$ cat start13.cif   # mmCIF, C-alpha atoms
data_model
loop_
_atom_site.label_atom_id
_atom_site.label_comp_id
_atom_site.auth_asym_id
_atom_site.auth_seq_id
_atom_site.Cartn_x
_atom_site.Cartn_y
_atom_site.Cartn_z
CA MET A 1 17.01 -23.19 11.69
CA ILE A 2 14.38 -20.50 12.35
CA ALA A 3 16.71 -18.60 14.68
CA VAL A 4 19.58 -18.75 12.18
CA THR A 5 17.28 -17.45 9.41
CA LEU A 6 16.22 -14.45 11.51
CA ILE A 7 19.80 -13.69 12.51
CA VAL A 8 20.99 -13.79 8.89
CA LEU A 9 18.15 -11.55 7.66
CA PHE A 10 18.49 -8.97 10.43
CA SER A 11 22.29 -8.89 10.28
CA LEU A 12 22.26 -8.08 6.57
CA LEU A 13 19.55 -5.47 7.01
CA LEU A 14 21.46 -3.79 9.86
CA LEU A 15 24.47 -3.58 7.56
CA SER A 16 22.30 -1.52 5.17
CA VAL A 17 22.59 -4.06 2.39
CA PRO A 18 20.02 -3.38 -0.37
CA VAL A 19 16.80 -5.35 0.09
CA ALA A 20 17.09 -7.52 -3.01
CA ALA A 21 20.65 -8.42 -2.04
CA VAL A 22 19.52 -9.23 1.52
CA LEU A 23 16.96 -11.73 0.23
CA GLY A 24 19.35 -13.27 -2.31
CA LEU A 25 22.31 -13.53 0.07
CA SER A 26 20.09 -14.98 2.80
CA ALA A 27 18.95 -17.65 0.36
CA VAL A 28 22.54 -18.54 -0.56
CA ILE A 29 23.69 -18.66 3.08
CA LEU A 30 20.75 -20.80 4.20
CA SER A 31 21.24 -23.13 1.24
CA GLU A 32 24.90 -23.66 2.15
CA LEU A 33 24.08 -24.24 5.81
CA PHE A 34 21.01 -26.50 5.61
CA ALA A 35 20.33 -27.83 2.09
CA PHE A 36 21.17 -31.47 1.34
CA ILE A 37 21.86 -30.51 -2.29
CA PRO A 38 22.88 -26.84 -2.78
CA ALA A 39 19.73 -25.01 -3.77
CA THR A 40 21.82 -22.40 -5.58
CA ARG A 41 21.92 -24.80 -8.53
CA GLY A 42 18.30 -23.92 -9.16
CA ILE A 43 18.68 -20.14 -9.10
CA GLY A 44 18.52 -19.79 -12.88
CA THR A 45 15.38 -21.88 -13.22
CA VAL A 46 13.64 -20.21 -10.28
CA THR A 47 14.48 -16.71 -11.52
CA TRP A 48 13.26 -17.51 -15.02
CA GLN A 49 10.02 -19.03 -13.74
CA SER A 50 9.35 -16.07 -11.44
CA MET A 51 9.94 -13.53 -14.20
CA ASN A 52 7.89 -15.63 -16.64
CA ASP A 53 4.77 -15.16 -14.51
CA GLY A 54 2.22 -13.28 -16.61
CA LEU A 55 0.76 -11.61 -13.52
CA LEU A 56 3.99 -9.71 -12.89
CA ILE A 57 3.74 -8.01 -16.29
CA ALA A 58 1.01 -5.94 -14.68
CA VAL A 59 3.54 -4.39 -12.27
CA PRO A 60 5.47 -2.18 -14.75
CA LEU A 61 2.20 -1.30 -16.49
CA PHE A 62 0.60 -0.07 -13.26
CA VAL A 63 3.79 1.82 -12.39
CA LEU A 64 3.71 3.51 -15.82
CA MET A 65 0.02 4.36 -15.37
CA GLY A 66 0.77 6.05 -12.06
CA GLU A 67 3.78 7.91 -13.49
CA LEU A 68 1.71 9.31 -16.37
CA LEU A 69 -1.09 10.44 -14.05
CA LEU A 70 1.44 11.93 -11.65
CA ARG A 71 2.69 14.21 -14.41
CA SER A 72 -0.73 15.08 -15.80
CA GLY A 73 -1.64 17.38 -12.89
CA VAL A 74 -4.78 15.37 -12.16
CA ALA A 75 -4.11 15.37 -8.39
CA SER A 76 -4.02 19.15 -8.01
CA ARG A 77 -7.30 19.53 -9.90
CA MET A 78 -8.91 16.80 -7.76
CA TYR A 79 -7.68 18.54 -4.63
CA ASN A 80 -9.18 21.88 -5.60
CA ALA A 81 -12.48 20.22 -6.50
CA LEU A 82 -12.69 18.26 -3.23
CA SER A 83 -11.75 21.30 -1.13
CA GLY A 84 -15.02 22.91 -2.19
CA TRP A 85 -17.03 19.88 -1.09
CA LEU A 86 -15.15 18.96 2.10
CA GLY A 87 -13.57 22.21 3.27
CA TRP A 88 -16.58 23.22 5.41
CA LEU A 89 -16.04 20.26 7.79
CA PRO A 90 -14.08 20.71 11.04
CA GLY A 91 -10.52 20.16 9.85
CA GLY A 92 -11.19 21.70 6.46
CA LEU A 93 -8.60 20.76 3.88
CA MET A 94 -7.37 17.78 5.91
CA HIS A 95 -10.49 16.00 4.64
CA ALA A 96 -9.53 17.06 1.12
CA ASN A 97 -6.10 15.48 1.75
CA ILE A 98 -7.80 12.20 2.63
CA GLY A 99 -10.33 12.38 -0.21
CA THR A 100 -7.68 13.18 -2.82
CA SER A 101 -5.47 10.36 -1.55
CA THR A 102 -8.41 7.96 -1.76
CA LEU A 103 -9.18 8.88 -5.37
CA PHE A 104 -5.54 8.99 -6.45
CA ALA A 105 -4.94 5.60 -4.75
CA ALA A 106 -7.48 4.17 -7.21
CA THR A 107 -5.14 5.13 -10.05
CA SER A 108 -1.57 4.91 -8.77
CA GLY A 109 -1.20 1.57 -6.93
CA SER A 110 1.58 3.08 -4.82
CA SER A 111 1.50 4.66 -1.36
CA VAL A 112 4.70 6.61 -1.86
CA ALA A 113 3.44 8.16 -5.10
CA THR A 114 0.09 9.00 -3.48
CA ALA A 115 1.68 10.65 -0.43
CA ALA A 116 4.22 12.61 -2.50
CA THR A 117 1.63 13.84 -5.00
CA VAL A 118 -0.90 15.02 -2.40
CA ALA A 119 1.85 16.53 -0.22
CA THR A 120 3.12 18.63 -3.13
CA THR A 121 -0.35 20.06 -3.68
CA ALA A 122 -1.51 20.40 -0.07
CA ILE A 123 1.46 21.52 2.07
CA PRO A 124 1.41 25.17 0.84
CA GLU A 125 -2.13 25.45 2.30
CA ILE A 126 -0.95 24.93 5.92
CA LYS A 127 0.25 28.49 6.57
CA ARG A 128 -2.32 30.03 4.27
CA HIS A 129 -5.23 28.72 6.35
CA ASN A 130 -3.56 28.41 9.79
CA TYR A 131 -3.79 24.64 10.24
CA ASN A 132 -2.09 22.68 12.98
CA GLU A 133 0.96 21.61 11.00
CA PRO A 134 1.66 18.17 12.57
CA LEU A 135 -1.95 17.00 12.20
CA PHE A 136 -2.14 18.31 8.64
CA LEU A 137 1.09 16.51 7.69
CA GLY A 138 -0.07 13.37 9.47
CA SER A 139 -3.29 13.32 7.43
CA ILE A 140 -1.23 13.28 4.22
CA ALA A 141 1.21 10.59 5.39
CA ALA A 142 -1.57 8.33 6.70
CA SER A 143 -4.02 8.68 3.82
CA GLY A 144 -1.16 8.12 1.38
CA THR A 145 -0.96 4.54 2.62
CA LEU A 146 -4.31 3.86 0.92
CA GLY A 147 -2.34 3.55 -2.33
CA ILE A 148 -1.46 -0.08 -1.57
CA LEU A 149 -4.94 -1.07 -0.32
CA ILE A 150 -7.44 0.40 -2.77
CA PRO A 151 -7.22 -1.39 -6.15
CA PRO A 152 -5.32 -1.39 -8.42
CA SER A 153 -2.57 -2.10 -5.87
CA ILE A 154 0.90 -3.29 -6.84
CA ASN A 155 1.41 -4.88 -3.40
CA LEU A 156 -1.75 -6.96 -3.79
CA ILE A 157 -0.45 -8.26 -7.13
CA ILE A 158 2.83 -9.28 -5.51
CA PHE A 159 0.99 -10.92 -2.58
CA GLY A 160 -1.16 -12.86 -5.00
CA ALA A 161 1.82 -13.94 -7.08
CA LEU A 162 3.80 -15.12 -4.03
CA THR A 163 0.90 -17.02 -2.42
CA ASN A 164 -1.11 -18.15 -5.49
CA THR A 165 -4.09 -16.10 -4.32
CA SER A 166 -6.64 -14.73 -6.80
CA ILE A 167 -5.79 -11.14 -7.81
CA PRO A 168 -9.42 -10.25 -8.72
CA ALA A 169 -10.55 -11.55 -5.31
CA LEU A 170 -7.85 -9.51 -3.55
CA TYR A 171 -8.86 -6.39 -5.49
CA LEU A 172 -12.51 -6.81 -4.52
CA ALA A 173 -11.49 -7.52 -0.92
CA GLY A 174 -9.51 -4.27 -0.66
CA PHE A 175 -12.31 -2.02 -1.84
CA ILE A 176 -14.56 -1.82 1.26
CA PRO A 177 -11.65 -1.75 3.81
CA GLY A 178 -9.99 1.00 1.74
CA LEU A 179 -13.04 3.24 1.75
CA GLY A 180 -13.74 2.37 5.39
CA LEU A 181 -10.22 3.33 6.38
CA ALA A 182 -10.58 6.66 4.59
CA VAL A 183 -13.72 7.31 6.67
CA LEU A 184 -11.84 6.37 9.87
CA PHE A 185 -9.05 8.81 8.96
CA SER A 186 -11.63 11.60 8.48
CA MET A 187 -13.24 10.69 11.80
CA ALA A 188 -9.82 11.03 13.48
CA VAL A 189 -9.56 14.56 12.06
CA LEU A 190 -13.09 15.41 13.24
CA VAL A 191 -12.40 14.15 16.77
CA ALA A 192 -9.05 15.97 16.99
CA CYS A 193 -10.60 19.24 15.78
CA LYS A 194 -13.56 18.82 18.10
CA ILE A 195 -11.16 18.53 21.07
CA ARG A 196 -8.88 21.31 19.81
CA PRO A 197 -10.91 23.54 17.43
CA GLU A 198 -7.91 25.77 16.72
CA TRP A 199 -6.21 22.87 14.95
CA GLY A 200 -8.83 22.93 12.20
CA GLY A 201 -7.69 26.21 10.67
CA GLU A 202 -9.98 28.41 8.64
CA ARG A 203 -13.13 26.95 7.15
CA ILE A 204 -13.08 26.83 3.36
CA SER A 205 -16.24 28.19 1.78
CA ALA A 206 -17.40 27.57 -1.77
CA THR A 207 -20.55 28.34 -3.71
CA TRP A 208 -22.65 25.55 -5.18
CA ARG A 209 -21.66 26.78 -8.61
CA GLU A 210 -17.99 26.34 -7.73
CA ARG A 211 -18.61 22.91 -6.27
CA ILE A 212 -20.55 21.64 -9.26
CA GLY A 213 -18.04 23.24 -11.61
CA GLY A 214 -15.26 21.19 -9.97
CA LEU A 215 -17.00 17.83 -10.42
CA PRO A 216 -15.51 17.14 -13.88
CA HIS A 217 -12.05 17.13 -12.27
CA LEU A 218 -13.11 14.09 -10.22
CA LEU A 219 -13.93 12.06 -13.33
CA PRO A 220 -10.39 11.07 -14.48
CA PRO A 221 -9.60 8.82 -11.47
CA LEU A 222 -13.07 7.29 -11.65
CA PHE A 223 -12.58 6.69 -15.39
CA ILE A 224 -9.24 4.96 -14.75
CA PHE A 225 -10.64 2.95 -11.85
CA PHE A 226 -13.61 1.60 -13.81
CA LEU A 227 -11.47 1.04 -16.89
CA VAL A 228 -9.06 -1.14 -14.88
CA VAL A 229 -11.19 -2.77 -12.21
CA GLY A 230 -14.44 -2.78 -14.17
CA THR A 231 -12.99 -4.70 -17.12
CA ILE A 232 -11.58 -7.33 -14.75
CA TYR A 233 -14.92 -8.05 -13.09
CA ALA A 234 -16.90 -7.78 -16.32
CA GLY A 235 -14.74 -10.65 -17.57
CA TRP A 236 -13.41 -8.58 -20.45
CA ALA A 237 -9.76 -8.48 -19.32
CA THR A 238 -7.25 -10.25 -17.12
CA PRO A 239 -5.42 -8.16 -14.49
CA THR A 240 -2.48 -7.80 -16.88
CA GLU A 241 -4.69 -6.74 -19.79
CA ALA A 242 -6.54 -4.34 -17.48
CA ALA A 243 -3.20 -2.78 -16.51
CA ALA A 244 -2.50 -2.16 -20.20
CA LEU A 245 -5.92 -0.53 -20.54
CA GLY A 246 -5.05 1.60 -17.50
CA VAL A 247 -1.95 2.88 -19.29
CA LEU A 248 -4.09 3.74 -22.32
CA GLY A 249 -6.55 5.54 -20.04
CA ALA A 250 -3.71 7.48 -18.37
CA ILE A 251 -2.45 8.57 -21.81
CA ILE A 252 -5.95 9.79 -22.68
CA VAL A 253 -6.27 11.70 -19.38
CA ALA A 254 -2.82 13.29 -19.82
CA ALA A 255 -3.65 14.23 -23.41
CA PHE A 256 -6.90 15.91 -22.39
CA ALA A 257 -4.98 17.77 -19.68
CA ARG A 258 -2.46 18.88 -22.34
CA ALA A 259 0.31 17.33 -20.25
CA LEU A 260 1.38 14.63 -22.74
CA THR A 261 4.62 16.33 -23.66
CA LEU A 262 7.80 14.61 -24.78
CA SER A 263 9.58 15.52 -21.54
CA ALA A 264 6.67 14.17 -19.45
CA ILE A 265 6.65 10.90 -21.40
CA ARG A 266 10.43 10.56 -21.03
CA ALA A 267 10.22 11.25 -17.28
CA ALA A 268 7.38 8.73 -16.91
CA PHE A 269 9.33 6.00 -18.72
CA PHE A 270 12.52 6.61 -16.73
CA GLY A 271 10.53 6.61 -13.47
CA THR A 272 8.88 3.35 -14.51
CA ILE A 273 12.23 1.75 -15.34
CA ARG A 274 13.73 2.72 -11.97
CA THR A 275 10.75 1.56 -9.91
CA THR A 276 10.18 -1.63 -11.89
CA GLY A 277 13.86 -2.58 -11.74
CA MET A 278 13.78 -2.28 -7.96
CA LEU A 279 10.51 -4.22 -7.62
CA ILE A 280 11.51 -7.03 -9.98
CA ALA A 281 14.88 -7.46 -8.28
CA ILE A 282 13.16 -7.80 -4.91
CA VAL A 283 10.47 -10.16 -6.21
CA SER A 284 12.90 -12.46 -8.05
CA ALA A 285 15.13 -12.63 -4.95
CA ALA A 286 12.04 -13.34 -2.83
CA TYR A 287 11.02 -16.21 -5.13
CA PHE A 288 14.49 -17.73 -4.78
CA LEU A 289 14.42 -17.27 -1.00
CA ASN A 290 11.01 -18.98 -0.86
CA PHE A 291 12.41 -21.82 -3.00
CA VAL A 292 15.25 -22.25 -0.49
CA PHE A 293 12.78 -22.13 2.42
CA GLY A 294 10.90 -25.03 0.87
CA ASN A 295 14.11 -26.88 0.02
CA ILE A 296 15.45 -26.78 3.58
CA GLY A 297 12.04 -27.37 5.18
CA LEU A 298 11.81 -23.98 6.89
CA THR A 299 8.14 -23.43 6.02
CA SER A 300 7.12 -26.75 7.57
CA SER A 301 9.37 -26.01 10.57
CA VAL A 302 7.56 -22.70 11.16
CA THR A 303 4.18 -24.43 10.85
CA ASP A 304 5.27 -27.11 13.30
CA ALA A 305 6.64 -24.48 15.69
CA PHE A 306 3.29 -22.68 15.76
CA GLN A 307 1.44 -25.95 16.24
CA ASN A 308 3.75 -26.92 19.11
CA LEU A 309 2.80 -23.70 20.87
CA SER A 310 -0.71 -25.17 21.17
CA LEU A 311 -2.28 -21.79 20.51
CA SER A 312 -5.85 -21.31 19.36
CA PRO A 313 -6.31 -20.03 15.79
CA TYR A 314 -6.76 -16.48 17.09
CA GLY A 315 -3.79 -16.88 19.41
CA THR A 316 -1.69 -17.76 16.36
CA LEU A 317 -3.16 -14.81 14.47
CA PHE A 318 -2.33 -12.31 17.23
CA LEU A 319 1.21 -13.67 17.44
CA VAL A 320 1.65 -13.12 13.69
CA ILE A 321 0.19 -9.60 13.99
CA ALA A 322 2.62 -8.80 16.81
CA PHE A 323 5.45 -10.14 14.64
CA TYR A 324 4.48 -7.79 11.79
CA LEU A 325 4.06 -4.77 14.06
CA VAL A 326 7.50 -5.27 15.60
CA LEU A 327 9.29 -5.97 12.31
CA GLY A 328 7.48 -3.04 10.71
CA LEU A 329 9.40 -0.72 13.02
CA PHE A 330 12.69 -1.73 11.41
CA LEU A 331 12.05 -3.18 7.93
CA GLU A 332 11.13 -1.54 4.64
CA THR A 333 7.55 -2.52 3.95
CA LEU A 334 7.85 -4.35 0.61
CA SER A 335 10.77 -6.42 1.87
CA LEU A 336 8.78 -7.20 5.03
CA MET A 337 5.93 -8.51 2.91
CA VAL A 338 7.87 -10.58 0.38
CA ALA A 339 10.06 -12.17 3.07
CA THR A 340 7.18 -13.28 5.27
CA VAL A 341 3.92 -13.93 3.41
CA SER A 342 5.05 -17.25 1.94
CA ILE A 343 5.86 -18.45 5.47
CA PHE A 344 2.84 -17.16 7.39
CA THR A 345 0.10 -17.65 4.80
CA PRO A 346 0.23 -21.50 4.96
CA VAL A 347 0.32 -21.33 8.77
CA LEU A 348 -2.83 -19.22 9.03
CA VAL A 349 -4.65 -21.00 6.20
CA SER A 350 -4.05 -24.27 8.06
CA GLN A 351 -5.71 -22.62 11.08
CA GLY A 352 -8.84 -21.92 9.03
CA PHE A 353 -8.26 -18.31 7.92
CA ASP A 354 -9.05 -17.25 4.36
CA PRO A 355 -5.93 -16.34 2.31
CA VAL A 356 -7.72 -13.37 0.70
CA TRP A 357 -8.67 -12.06 4.15
CA PHE A 358 -5.10 -12.54 5.36
CA GLY A 359 -3.80 -10.65 2.32
CA ILE A 360 -5.83 -7.58 3.26
CA LEU A 361 -4.75 -7.89 6.91
CA VAL A 362 -1.09 -7.96 5.81
CA ILE A 363 -1.64 -4.81 3.74
CA LEU A 364 -3.19 -3.03 6.75
CA LEU A 365 -0.23 -4.07 8.91
CA ILE A 366 2.17 -2.83 6.23
CA GLU A 367 0.25 0.46 6.06
CA THR A 368 0.85 0.77 9.81
CA ALA A 369 4.57 0.18 9.25
CA MET A 370 4.63 2.92 6.59
CA ILE A 371 3.79 5.61 9.17
CA THR A 372 5.64 4.13 12.15
CA PRO A 373 9.11 5.46 13.02
CA PRO A 374 12.02 4.93 12.71
CA VAL A 375 11.76 3.72 9.06
CA GLY A 376 8.16 4.59 8.09
CA ILE A 377 8.66 5.55 4.46
CA ASN A 378 5.66 7.89 4.18
CA LEU A 379 6.98 9.97 7.08
CA PHE A 380 10.15 10.68 5.12
CA VAL A 381 8.26 11.28 1.87
CA VAL A 382 6.03 13.96 3.42
CA GLN A 383 8.93 15.56 5.30
CA GLY A 384 10.99 15.53 2.10
CA VAL A 385 8.28 17.40 0.20
CA ARG A 386 7.86 19.81 3.15
CA GLY A 387 11.59 20.58 3.08
CA ARG A 388 11.74 22.38 6.43
CA GLY A 389 11.26 21.78 10.14
CA SER A 390 11.67 18.48 11.93
CA LEU A 391 10.54 14.96 11.08
CA ASN A 392 9.10 14.84 14.62
CA ASP A 393 6.23 17.06 13.44
CA VAL A 394 5.11 14.38 10.98
CA VAL A 395 5.61 11.63 13.58
CA LYS A 396 3.40 13.46 16.09
CA GLY A 397 0.80 14.12 13.43
CA VAL A 398 0.28 10.46 12.47
CA VAL A 399 -0.55 9.29 16.01
CA PRO A 400 -4.36 9.73 15.68
CA PHE A 401 -4.27 7.95 12.32
CA LEU A 402 -2.35 5.02 13.75
CA GLY A 403 -5.32 4.69 16.09
CA SER A 404 -7.61 4.58 13.02
CA LEU A 405 -5.49 1.84 11.47
CA PHE A 406 -5.66 -0.24 14.65
CA VAL A 407 -9.44 0.22 14.73
CA GLY A 408 -9.56 -0.97 11.10
CA ILE A 409 -7.49 -4.06 11.92
CA ILE A 410 -9.72 -4.90 14.90
CA LEU A 411 -12.86 -4.46 12.80
CA ILE A 412 -11.79 -6.86 10.05
CA ILE A 413 -10.80 -9.43 12.70
CA LEU A 414 -14.18 -9.14 14.45
CA PHE A 415 -16.13 -8.89 11.18
CA PRO A 416 -14.27 -10.76 8.40
CA GLN A 417 -17.19 -10.16 6.03
CA ILE A 418 -15.99 -6.56 5.67
CA VAL A 419 -13.20 -8.08 3.57
CA LEU A 420 -14.89 -11.22 2.22
CA PHE A 421 -18.33 -9.89 1.24
CA LEU A 422 -17.42 -8.77 -2.31
CA PRO A 423 -15.06 -11.73 -3.08
CA GLU A 424 -17.81 -14.16 -2.06
CA ILE A 425 -20.14 -12.50 -4.55
CA LEU A 426 -17.44 -13.05 -7.20
CA ARG A 427 -17.17 -16.73 -6.24
#
$ encode --input "start13.cif" --output "structure tokens"
Amino acid sequence: MIAVTLIVLFSLLLLSVPVAAVLGLSAVILSELFAFIPATRGIGTVTWQSMNDGLLIAVPLFVLMGELLLRSGVASRMYNALSGWLGWLPGGLMHANIGTSTLFAATSGSSVATAATVATTAIPEIKRHNYNEPLFLGSIAASGTLGILIPPSINLIIFGALTNTSIPALYLAGFIPGLGLAVLFSMAVLVACKIRPEWGGERISATWRERIGGLPHLLPPLFIFFLVVGTIYAGWATPTEAAALGVLGAIIVAAFARALTLSAIRAAFFGTIRTTGMLIAIVSAAYFLNFVFGNIGLTSSVTDAFQNLSLSPYGTLFLVIAFYLVLGLFLETLSLMVATVSIFTPVLVSQGFDPVWFGILVILLIETAMITPPVGINLFVVQGVRGRGSLNDVVKGVVPFLGSLFVGIILIILFPQIVLFLPEILR
């Protein structure tokens, strides 16, 4: 049964079938092959129940929040402000790339949006200041992945909805690893520029007056972050209500930036409709696929298969990590997550691992997949914004940052409290 499931999924993906259709068709095929009573009879009920989940209302709201901020020009102003504070370091504006991505990640919830926004602002600086182009591009692609780790993250909401894991706990859990990973990315730049100083380009100098004058431009993302995350942990709002407050905050920021035009609003709504339609189609198909997995006993079969291997808990964990790293080479990241977390979460929880901790580990593994060829989405996003040269430049540039991601994964395995410290305070 497990082998047939993998063959069906991979065959449809290799045929370039859209992700939502892959999940839905796989569910239908597996139901016909293994279900005692055709599970397709429950598709209407399952779809309605999945779409009736109040948590998922937060998804289009967070998408709209990111779309409004994307069109407000907040990222370019953040970038200019951070360049004055970070440009003196070896690597110069590459640290501003990472810092801007970190702040914008706290408002967008999307890695693709974060990478595209920062790339649009930063790429013109490569020639102007004589940076090593691959490393500069790699810093944008890698730091863009922080969009799905630092709250508010759309992927964490979907993980929580699929596995019945607390969204507030997941948001708290992602905070320290997100900031820690940003530091590891900056350390990768420092080490690379220490070994090859010419890669660091020209140092960016700024007066203290210019630095202090740029600080107000760093306030909008902090305002949005505390409006969304702060109201959740103060007990004033649920994640869905906080998402609505985030939209209100984004409208206020755009209005103050004089970017709240009719065309910007229209573009933000159309972008939200496109993205939400894609996400909801994938999630509803994933819910139905998970329903079929339970109906045919696949989840228990996977658990039994792992137990029959007689591996230690960490042996099981490393096997799951290897599985994600290999599949991440070939699968789109959201589809990789929604097709697997409902299977592997019960397996690892039964081995004694915390589901919140595993959720953050999955996000780190998905971040790795986002900058790993041949289908790493952030590689294509940055190259698309660049619009010239070869994709190989971006691929070469992300290598040091892949090392940072692996260090981050090892650290949270060795020291789980990096992830669990803040959620345990909440509990």
$ residues_around --input "start13.cif" --residues "range 187-189 of chain A" --least-positions-apart "3" --cutoff "12 Å" --atoms "all atoms listed in the file" --output "NGL selection string"
:A and (89-98 or 131-132 or 134-140 or 142-143 or 180-184 or 192-197 or 199-201 or 397-405 or 407)
$ write_last_selection --input "start13.cif" --atoms "C-alpha atoms" --output "PDB file, keeping the file's coordinate frame"
ATOM      1  CA  LEU A  89     -16.040  20.260   7.790  1.00  0.00           C
ATOM      2  CA  PRO A  90     -14.080  20.710  11.040  1.00  0.00           C
ATOM      3  CA  GLY A  91     -10.520  20.160   9.850  1.00  0.00           C
ATOM      4  CA  GLY A  92     -11.190  21.700   6.460  1.00  0.00           C
ATOM      5  CA  LEU A  93      -8.600  20.760   3.880  1.00  0.00           C
ATOM      6  CA  MET A  94      -7.370  17.780   5.910  1.00  0.00           C
ATOM      7  CA  HIS A  95     -10.490  16.000   4.640  1.00  0.00           C
ATOM      8  CA  ALA A  96      -9.530  17.060   1.120  1.00  0.00           C
ATOM      9  CA  ASN A  97      -6.100  15.480   1.750  1.00  0.00           C
ATOM     10  CA  ILE A  98      -7.800  12.200   2.630  1.00  0.00           C
ATOM     11  CA  TYR A 131      -3.790  24.640  10.240  1.00  0.00           C
ATOM     12  CA  ASN A 132      -2.090  22.680  12.980  1.00  0.00           C
ATOM     13  CA  PRO A 134       1.660  18.170  12.570  1.00  0.00           C
ATOM     14  CA  LEU A 135      -1.950  17.000  12.200  1.00  0.00           C
ATOM     15  CA  PHE A 136      -2.140  18.310   8.640  1.00  0.00           C
ATOM     16  CA  LEU A 137       1.090  16.510   7.690  1.00  0.00           C
ATOM     17  CA  GLY A 138      -0.070  13.370   9.470  1.00  0.00           C
ATOM     18  CA  SER A 139      -3.290  13.320   7.430  1.00  0.00           C
ATOM     19  CA  ILE A 140      -1.230  13.280   4.220  1.00  0.00           C
ATOM     20  CA  ALA A 142      -1.570   8.330   6.700  1.00  0.00           C
ATOM     21  CA  SER A 143      -4.020   8.680   3.820  1.00  0.00           C
ATOM     22  CA  GLY A 180     -13.740   2.370   5.390  1.00  0.00           C
ATOM     23  CA  LEU A 181     -10.220   3.330   6.380  1.00  0.00           C
ATOM     24  CA  ALA A 182     -10.580   6.660   4.590  1.00  0.00           C
ATOM     25  CA  VAL A 183     -13.720   7.310   6.670  1.00  0.00           C
ATOM     26  CA  LEU A 184     -11.840   6.370   9.870  1.00  0.00           C
ATOM     27  CA  ALA A 192      -9.050  15.970  16.990  1.00  0.00           C
ATOM     28  CA  CYS A 193     -10.600  19.240  15.780  1.00  0.00           C
ATOM     29  CA  LYS A 194     -13.560  18.820  18.100  1.00  0.00           C
ATOM     30  CA  ILE A 195     -11.160  18.530  21.070  1.00  0.00           C
ATOM     31  CA  ARG A 196      -8.880  21.310  19.810  1.00  0.00           C
ATOM     32  CA  PRO A 197     -10.910  23.540  17.430  1.00  0.00           C
ATOM     33  CA  TRP A 199      -6.210  22.870  14.950  1.00  0.00           C
ATOM     34  CA  GLY A 200      -8.830  22.930  12.200  1.00  0.00           C
ATOM     35  CA  GLY A 201      -7.690  26.210  10.670  1.00  0.00           C
ATOM     36  CA  GLY A 397       0.800  14.120  13.430  1.00  0.00           C
ATOM     37  CA  VAL A 398       0.280  10.460  12.470  1.00  0.00           C
ATOM     38  CA  VAL A 399      -0.550   9.290  16.010  1.00  0.00           C
ATOM     39  CA  PRO A 400      -4.360   9.730  15.680  1.00  0.00           C
ATOM     40  CA  PHE A 401      -4.270   7.950  12.320  1.00  0.00           C
ATOM     41  CA  LEU A 402      -2.350   5.020  13.750  1.00  0.00           C
ATOM     42  CA  GLY A 403      -5.320   4.690  16.090  1.00  0.00           C
ATOM     43  CA  SER A 404      -7.610   4.580  13.020  1.00  0.00           C
ATOM     44  CA  LEU A 405      -5.490   1.840  11.470  1.00  0.00           C
ATOM     45  CA  VAL A 407      -9.440   0.220  14.730  1.00  0.00           C
TER      46      VAL A 407
END
$ resolve_selection --input "start13.cif" --expression "the PyMOL selection byres ((chain A and resi 100-108) around 9)" --output "ChimeraX atom specification"
/A:62-67,69-70,74-76,78-79,82,95-99,109-111,113-115,117-118,140,143-154,178-179,182,218,221-222,224-225,228,246,250
$ closest_residue --input "start13.cif" --among "A:Arg386, A:Met337, A:Asn378, A:Phe223" --to "Leu361 in chain A" --atoms "only C-alpha atoms"
A:Met337
$ closest_residue --input "start13.cif" --among "A:Thr316, A:Asn290, A:Thr165, A:Thr276" --to "Ile57 in chain A" --atoms "all atoms listed in the file"
A:Thr276
$ resolve_selection --input "start13.cif" --expression "the PyMOL selection byres ((chain A and resi 314) around 10)" --output "list in words"
Leu311, Ser312, Pro313, Gly315, Thr316, Leu317, Phe318, Leu319, Val320, Leu348, Gln351, Gly352, Phe353 and Ile413 of chain A
$ resolve_selection --input "start13.cif" --expression "the PyMOL selection byres ((chain A and resi 35) around 10)" --output "PyMOL selection string"
chain A and resi 28-34+36-40+292-297
$ closest_residue --input "start13.cif" --among "A:Leu279, A:Leu190, A:Gln49, A:Glu367" --to "Val19 in chain A" --atoms "only C-alpha atoms"
A:Leu279
$ residues_around --input "start13.cif" --residues "Ile282 in chain A" --least-positions-apart "3" --cutoff "9 Å" --atoms "all atoms listed in the file" --output "number ranges by chain"
A: 19-21, 23-24, 277-279, 285-287, 334-335, 338
$ closest_residue --input "start13.cif" --among "A:Thr303, A:Leu156, A:Trp88, A:Gly73" --to "Arg203 in chain A" --atoms "all atoms listed in the file"
A:Trp88
$ residues_around --input "start13.cif" --residues "Ala254 in chain A" --least-positions-apart "6" --cutoff "7 Å" --atoms "all atoms listed in the file" --output "PDB file with C-alpha atoms, keeping the file's coordinate frame"
ATOM      1  CA  LEU A  68       1.710   9.310 -16.370  1.00  0.00           C
ATOM      2  CA  LEU A  69      -1.090  10.440 -14.050  1.00  0.00           C
ATOM      3  CA  SER A  72      -0.730  15.080 -15.800  1.00  0.00           C
ATOM      4  CA  LEU A 260       1.380  14.630 -22.740  1.00  0.00           C
TER       5      LEU A 260
END
$ closest_residue --input "start13.cif" --among "A:Asn392, A:Ser284, A:Thr333, A:Thr240" --to "Thr368 in chain A" --atoms "all atoms listed in the file"
A:Thr333
$ closest_residue --input "start13.cif" --among "A:Ala234, A:Ile204, A:Asp304, A:Glu133" --to "Val395 in chain A" --atoms "only C-alpha atoms"
A:Glu133
$ atom_distance --input "start13.cif" --atom1 "CA of Tyr324 in chain A" --atom2 "CA of Ala339 in chain A"
11.2 Å
$ residues_around --input "start13.cif" --residues "range 209-216 of chain A" --least-positions-apart "2" --cutoff "10 Å" --atoms "all atoms listed in the file" --output "list in words"
Arg77, Met78, Tyr79, Asn80, Ala81, Leu82, Ser83, Gly84, Trp85, Leu86, Ser205, Ala206, Thr207, Leu218, Leu219 and Pro220 of chain A
